[in-house]
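Visitor: Supplied structure: input_8.txt, compact mmCIF, N, CA and C atoms.
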# COMPACT_ATOMS: atom_id res chain seq x y z
N MET E 1 6.13 -61.94 -16.66
CA MET E 1 6.75 -61.79 -17.96
C MET E 1 5.69 -61.97 -19.04
N ALA E 2 5.72 -61.12 -20.04
CA ALA E 2 4.73 -61.17 -21.13
C ALA E 2 4.81 -62.50 -21.88
N VAL E 3 3.65 -62.96 -22.32
CA VAL E 3 3.53 -64.18 -23.12
C VAL E 3 3.03 -63.77 -24.50
N THR E 4 3.78 -64.12 -25.52
CA THR E 4 3.39 -63.82 -26.89
C THR E 4 3.17 -65.13 -27.62
N LEU E 5 2.04 -65.22 -28.30
CA LEU E 5 1.66 -66.44 -29.02
C LEU E 5 1.44 -66.14 -30.49
N CYS E 6 1.87 -67.07 -31.33
CA CYS E 6 1.52 -67.07 -32.75
C CYS E 6 0.52 -68.21 -32.92
N VAL E 7 -0.70 -67.87 -33.33
CA VAL E 7 -1.78 -68.85 -33.44
C VAL E 7 -2.13 -69.02 -34.91
N LEU E 8 -2.03 -70.25 -35.39
CA LEU E 8 -2.37 -70.57 -36.77
C LEU E 8 -3.65 -71.39 -36.75
N LEU E 9 -4.62 -70.97 -37.57
CA LEU E 9 -5.95 -71.59 -37.56
C LEU E 9 -6.36 -72.00 -38.97
N TRP E 10 -6.70 -73.26 -39.12
CA TRP E 10 -7.22 -73.77 -40.38
C TRP E 10 -8.72 -73.98 -40.23
N SER E 11 -9.48 -73.50 -41.21
CA SER E 11 -10.93 -73.67 -41.15
C SER E 11 -11.33 -75.01 -41.75
N ARG E 12 -12.49 -75.46 -41.35
CA ARG E 12 -13.09 -76.62 -42.03
C ARG E 12 -13.48 -76.16 -43.44
N VAL E 13 -13.57 -77.09 -44.37
CA VAL E 13 -13.87 -76.76 -45.76
C VAL E 13 -15.16 -75.94 -45.83
N GLY E 14 -15.04 -74.78 -46.49
CA GLY E 14 -16.19 -73.92 -46.68
C GLY E 14 -16.61 -73.12 -45.46
N ARG E 15 -15.79 -73.12 -44.41
CA ARG E 15 -16.17 -72.47 -43.14
C ARG E 15 -15.29 -71.28 -42.78
N ASP E 16 -14.67 -70.66 -43.76
CA ASP E 16 -13.80 -69.51 -43.46
C ASP E 16 -14.56 -68.39 -42.74
N GLN E 17 -15.77 -68.09 -43.16
CA GLN E 17 -16.53 -67.02 -42.52
C GLN E 17 -16.90 -67.37 -41.09
N GLU E 18 -17.27 -68.63 -40.86
CA GLU E 18 -17.58 -69.06 -39.50
C GLU E 18 -16.36 -68.96 -38.59
N LEU E 19 -15.19 -69.31 -39.13
CA LEU E 19 -13.96 -69.16 -38.36
C LEU E 19 -13.75 -67.69 -38.03
N ALA E 20 -13.89 -66.81 -39.01
CA ALA E 20 -13.69 -65.37 -38.78
C ALA E 20 -14.68 -64.85 -37.75
N ASP E 21 -15.93 -65.27 -37.83
CA ASP E 21 -16.95 -64.83 -36.87
C ASP E 21 -16.61 -65.30 -35.45
N TYR E 22 -16.20 -66.55 -35.33
CA TYR E 22 -15.82 -67.09 -34.02
C TYR E 22 -14.63 -66.30 -33.47
N GLU E 23 -13.63 -66.08 -34.29
CA GLU E 23 -12.45 -65.35 -33.83
C GLU E 23 -12.78 -63.90 -33.46
N ASP E 24 -13.68 -63.26 -34.21
CA ASP E 24 -14.13 -61.91 -33.84
C ASP E 24 -14.65 -61.93 -32.40
N ALA E 25 -15.44 -62.93 -32.08
CA ALA E 25 -16.07 -63.02 -30.75
C ALA E 25 -15.04 -63.28 -29.66
N VAL E 26 -14.17 -64.25 -29.85
CA VAL E 26 -13.24 -64.60 -28.77
C VAL E 26 -12.09 -63.61 -28.63
N LEU E 27 -11.65 -63.03 -29.73
CA LEU E 27 -10.59 -62.03 -29.63
C LEU E 27 -11.07 -60.77 -28.93
N ALA E 28 -12.36 -60.50 -28.99
CA ALA E 28 -12.92 -59.34 -28.29
C ALA E 28 -12.80 -59.50 -26.77
N LEU E 29 -12.58 -60.72 -26.30
CA LEU E 29 -12.43 -60.97 -24.86
C LEU E 29 -11.02 -60.69 -24.34
N LEU E 30 -10.05 -60.60 -25.22
CA LEU E 30 -8.66 -60.42 -24.80
C LEU E 30 -8.45 -59.25 -23.85
N PRO E 31 -8.98 -58.06 -24.14
CA PRO E 31 -8.73 -56.93 -23.24
C PRO E 31 -9.22 -57.17 -21.80
N HIS E 32 -10.23 -58.01 -21.63
CA HIS E 32 -10.73 -58.32 -20.29
C HIS E 32 -9.69 -59.08 -19.46
N HIS E 33 -8.68 -59.61 -20.14
CA HIS E 33 -7.63 -60.39 -19.47
C HIS E 33 -6.26 -59.73 -19.64
N GLY E 34 -6.26 -58.48 -20.06
CA GLY E 34 -5.00 -57.77 -20.26
C GLY E 34 -4.29 -58.13 -21.55
N GLY E 35 -4.95 -58.93 -22.38
CA GLY E 35 -4.35 -59.36 -23.64
C GLY E 35 -4.65 -58.40 -24.77
N ARG E 36 -3.91 -58.59 -25.86
CA ARG E 36 -4.15 -57.77 -27.04
C ARG E 36 -3.72 -58.50 -28.29
N VAL E 37 -4.34 -58.12 -29.39
CA VAL E 37 -3.97 -58.65 -30.70
C VAL E 37 -2.89 -57.74 -31.26
N LEU E 38 -1.71 -58.31 -31.46
CA LEU E 38 -0.62 -57.54 -32.08
C LEU E 38 -0.79 -57.51 -33.59
N ASN E 39 -1.32 -58.62 -34.13
CA ASN E 39 -1.55 -58.72 -35.57
C ASN E 39 -2.53 -59.85 -35.85
N ARG E 40 -3.35 -59.66 -36.84
CA ARG E 40 -4.29 -60.68 -37.31
C ARG E 40 -4.28 -60.63 -38.83
N VAL E 41 -3.86 -61.73 -39.44
CA VAL E 41 -3.72 -61.74 -40.89
C VAL E 41 -4.39 -62.99 -41.47
N ARG E 42 -4.68 -62.90 -42.78
CA ARG E 42 -5.23 -64.03 -43.54
C ARG E 42 -4.30 -64.31 -44.70
N PRO E 43 -3.59 -65.44 -44.66
CA PRO E 43 -2.69 -65.79 -45.75
C PRO E 43 -3.43 -65.89 -47.08
N THR E 44 -2.71 -65.63 -48.16
CA THR E 44 -3.32 -65.64 -49.49
C THR E 44 -2.76 -66.72 -50.41
N GLY E 45 -1.98 -67.66 -49.84
CA GLY E 45 -1.27 -68.64 -50.66
C GLY E 45 -2.05 -69.86 -51.10
N GLY E 46 -3.19 -70.14 -50.48
CA GLY E 46 -3.95 -71.29 -50.92
C GLY E 46 -4.45 -72.16 -49.78
N ALA E 47 -5.07 -73.26 -50.17
CA ALA E 47 -5.78 -74.13 -49.24
C ALA E 47 -4.89 -74.78 -48.19
N ALA E 48 -3.62 -74.99 -48.49
CA ALA E 48 -2.74 -75.65 -47.53
C ALA E 48 -2.35 -74.72 -46.37
N GLU E 49 -2.51 -73.43 -46.57
CA GLU E 49 -2.14 -72.46 -45.54
C GLU E 49 -3.28 -72.27 -44.55
N PRO E 50 -2.96 -71.78 -43.36
CA PRO E 50 -4.03 -71.49 -42.40
C PRO E 50 -4.96 -70.40 -42.92
N ALA E 51 -6.18 -70.40 -42.43
CA ALA E 51 -7.15 -69.37 -42.81
C ALA E 51 -6.82 -68.05 -42.13
N GLU E 52 -6.31 -68.13 -40.90
CA GLU E 52 -5.92 -66.93 -40.16
C GLU E 52 -4.68 -67.23 -39.33
N VAL E 53 -3.90 -66.16 -39.09
CA VAL E 53 -2.75 -66.22 -38.21
C VAL E 53 -2.85 -65.01 -37.28
N HIS E 54 -2.71 -65.27 -35.99
CA HIS E 54 -2.79 -64.21 -34.98
C HIS E 54 -1.48 -64.14 -34.22
N LEU E 55 -1.09 -62.93 -33.88
CA LEU E 55 -0.01 -62.70 -32.94
C LEU E 55 -0.65 -62.03 -31.74
N LEU E 56 -0.68 -62.75 -30.61
CA LEU E 56 -1.38 -62.29 -29.41
C LEU E 56 -0.38 -62.10 -28.28
N GLN E 57 -0.70 -61.16 -27.39
CA GLN E 57 0.18 -60.95 -26.24
C GLN E 57 -0.65 -60.81 -24.97
N PHE E 58 -0.18 -61.48 -23.92
CA PHE E 58 -0.78 -61.42 -22.59
C PHE E 58 0.29 -60.95 -21.61
N PRO E 59 -0.12 -60.31 -20.52
CA PRO E 59 0.88 -59.83 -19.57
C PRO E 59 1.66 -60.95 -18.89
N ASP E 60 1.03 -62.12 -18.74
CA ASP E 60 1.70 -63.24 -18.07
C ASP E 60 0.89 -64.51 -18.29
N ASP E 61 1.41 -65.63 -17.79
CA ASP E 61 0.73 -66.92 -17.95
C ASP E 61 -0.63 -66.95 -17.26
N ALA E 62 -0.75 -66.28 -16.12
CA ALA E 62 -2.03 -66.26 -15.41
C ALA E 62 -3.11 -65.59 -16.24
N ALA E 63 -2.77 -64.52 -16.93
CA ALA E 63 -3.74 -63.83 -17.79
C ALA E 63 -4.15 -64.72 -18.96
N LEU E 64 -3.18 -65.43 -19.55
CA LEU E 64 -3.48 -66.37 -20.63
C LEU E 64 -4.42 -67.46 -20.14
N GLU E 65 -4.13 -68.03 -18.99
CA GLU E 65 -4.97 -69.09 -18.44
C GLU E 65 -6.38 -68.58 -18.15
N ALA E 66 -6.49 -67.38 -17.62
CA ALA E 66 -7.82 -66.79 -17.34
C ALA E 66 -8.61 -66.64 -18.63
N TYR E 67 -7.94 -66.23 -19.70
CA TYR E 67 -8.61 -66.12 -21.01
C TYR E 67 -9.06 -67.49 -21.50
N MET E 68 -8.20 -68.48 -21.38
CA MET E 68 -8.52 -69.81 -21.88
C MET E 68 -9.73 -70.43 -21.19
N VAL E 69 -9.93 -70.13 -19.91
CA VAL E 69 -11.05 -70.71 -19.17
C VAL E 69 -12.23 -69.75 -19.03
N ASP E 70 -12.15 -68.59 -19.65
CA ASP E 70 -13.24 -67.62 -19.61
C ASP E 70 -14.53 -68.29 -20.09
N GLU E 71 -15.56 -68.23 -19.29
CA GLU E 71 -16.83 -68.90 -19.62
C GLU E 71 -17.45 -68.37 -20.91
N ARG E 72 -17.24 -67.09 -21.21
CA ARG E 72 -17.76 -66.54 -22.46
C ARG E 72 -17.06 -67.19 -23.65
N ARG E 73 -15.80 -67.53 -23.49
CA ARG E 73 -15.05 -68.20 -24.55
C ARG E 73 -15.44 -69.68 -24.64
N THR E 74 -15.45 -70.36 -23.51
CA THR E 74 -15.75 -71.80 -23.53
C THR E 74 -17.19 -72.07 -23.96
N ALA E 75 -18.08 -71.10 -23.75
CA ALA E 75 -19.47 -71.26 -24.20
C ALA E 75 -19.58 -71.35 -25.72
N LEU E 76 -18.54 -70.93 -26.42
CA LEU E 76 -18.54 -70.96 -27.88
C LEU E 76 -17.83 -72.19 -28.45
N ALA E 77 -17.61 -73.19 -27.61
CA ALA E 77 -16.87 -74.38 -28.04
C ALA E 77 -17.51 -75.07 -29.24
N ARG E 78 -18.81 -75.13 -29.29
CA ARG E 78 -19.49 -75.79 -30.41
C ARG E 78 -19.24 -75.03 -31.71
N GLU E 79 -19.32 -73.70 -31.66
CA GLU E 79 -19.05 -72.89 -32.85
C GLU E 79 -17.61 -73.10 -33.33
N ARG E 80 -16.71 -73.19 -32.35
CA ARG E 80 -15.31 -73.43 -32.70
C ARG E 80 -15.15 -74.78 -33.38
N GLU E 81 -15.76 -75.80 -32.81
CA GLU E 81 -15.66 -77.15 -33.36
C GLU E 81 -16.18 -77.22 -34.80
N LEU E 82 -17.26 -76.51 -35.07
CA LEU E 82 -17.86 -76.52 -36.41
C LEU E 82 -17.01 -75.76 -37.43
N ALA E 83 -16.29 -74.74 -37.00
CA ALA E 83 -15.57 -73.86 -37.91
C ALA E 83 -14.10 -74.21 -38.09
N ILE E 84 -13.46 -74.71 -37.05
CA ILE E 84 -12.00 -74.84 -37.06
C ILE E 84 -11.57 -76.30 -37.13
N GLU E 85 -10.80 -76.59 -38.16
CA GLU E 85 -10.28 -77.95 -38.38
C GLU E 85 -9.03 -78.22 -37.53
N ARG E 86 -8.14 -77.21 -37.47
CA ARG E 86 -6.84 -77.42 -36.83
C ARG E 86 -6.31 -76.09 -36.29
N THR E 87 -5.60 -76.19 -35.18
CA THR E 87 -4.97 -75.02 -34.57
C THR E 87 -3.55 -75.38 -34.15
N GLU E 88 -2.62 -74.49 -34.43
CA GLU E 88 -1.26 -74.63 -33.93
C GLU E 88 -0.94 -73.36 -33.15
N ILE E 89 -0.37 -73.52 -31.96
CA ILE E 89 -0.02 -72.37 -31.12
C ILE E 89 1.46 -72.45 -30.80
N LEU E 90 2.16 -71.38 -31.10
CA LEU E 90 3.59 -71.28 -30.82
C LEU E 90 3.84 -70.14 -29.85
N ARG E 91 4.64 -70.40 -28.81
CA ARG E 91 5.11 -69.30 -27.96
C ARG E 91 6.27 -68.68 -28.71
N VAL E 92 6.22 -67.38 -28.88
CA VAL E 92 7.24 -66.71 -29.68
C VAL E 92 7.79 -65.50 -28.94
N LYS E 93 8.90 -65.00 -29.45
CA LYS E 93 9.51 -63.77 -28.96
C LYS E 93 9.52 -62.77 -30.10
N VAL E 94 9.00 -61.58 -29.88
CA VAL E 94 9.01 -60.54 -30.89
C VAL E 94 10.44 -60.00 -30.97
N VAL E 95 10.96 -59.92 -32.19
CA VAL E 95 12.30 -59.40 -32.39
C VAL E 95 12.23 -58.19 -33.34
N GLY E 96 13.21 -57.34 -33.21
CA GLY E 96 13.30 -56.21 -34.12
C GLY E 96 12.44 -55.07 -33.84
Using structure tokens, write down the structure that the file contains.
Guide:
Amino acid sequence: MAVTLCVLLWSRVGRDQELADYEDAVLALLPHHGGRVLNRVRPTGGAAEPAEVHLLQFPDDAALEAYMVDERRTALARERELAIERTEILRVKVVG
């Protein structure tokens, strides 16, 4: 069964570009695991909002897990730590 995630990402102060660069790199790995970006947006409401919001879809939990442990992704852990202050991940169902 497909797994759809809504990922909210807050950057560290002054690190919006580093967050975007990191996400460019790791989101490029999704197709290798059967995943895809349904939507990637940047809220415009201000500092309290996340820097980016992603809607991602994987064919199943195994594909998601393979992406999460992908060595190309985990090798970027330091870049992630420097750029991203907070992450919230919600499992969601696409409606409509």
Visitor: Quick one: pull the distance between CA of Pro59 in chain E and CA of Arg86 in chain E, Å, one decimal.
Guide: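 If I compute the distance from CA of Pro59 in chain E to CA of Arg86 in chain E, I get 25.8 Å.
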Visitor: Determine the nearest neighbour of Tyr67 in chain E from the options E:His32, E:Asp16, E:Asp21, E:Met1, counting only C-alpha atoms.
Guide: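 Smallest separation from Tyr67 in chain E among the options: E:His32.
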Visitor: Taking all atoms listed in the file into account, name the residue in E:Val37, E:Leu9, E:Arg91, E:Ala28 that is nearest to Leu55 in chain E.
Guide: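 Smallest separation from Leu55 in chain E among the options: E:Val37.
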Visitor: For Ala51 in chain E, which of E:Ala2, E:Gly96, E:Asp70, E:Gly14 is the closest residue, counting only C-alpha atoms?
Guide: E:Gly14
Visitor: Write out as a list in words the residues lying within 8 Å of Pro43 in chain E, counting all atoms listed in the file and excluding same-chain residues fewer than 4 positions away.
Guide: Glu49, Pro50, Ala51, Glu52 and Val53 of chain E
Visitor: Please extract the residues of range 51-81 of chain E with a backbone DSSP assignment of strand (DSSP E or B) and present them as number ranges by chain.
Guide: E: 52-58
Visitor: So which one's closest to Ala20 in chain E, E:Leu64, E:Ala47, E:Ile84, E:Cys6? Using only C-alpha atoms, please.
Guide: E:Ile84
Visitor: List every residue of range 40-82 of chain E that DSSP, applied to the backbone of this structure, places in alpha helix (DSSP H), and write the result as a ChimeraX atom specification.
Guide: /E:61-68,71-74,77-82
Visitor: Quick one: of E:Val26, E:His54, E:Leu8, E:Val13, who's nearest to Ala77 in chain E, counting only C-alpha atoms?
Guide: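 Among the listed residues, E:Val26 lies closest to Ala77 in chain E.
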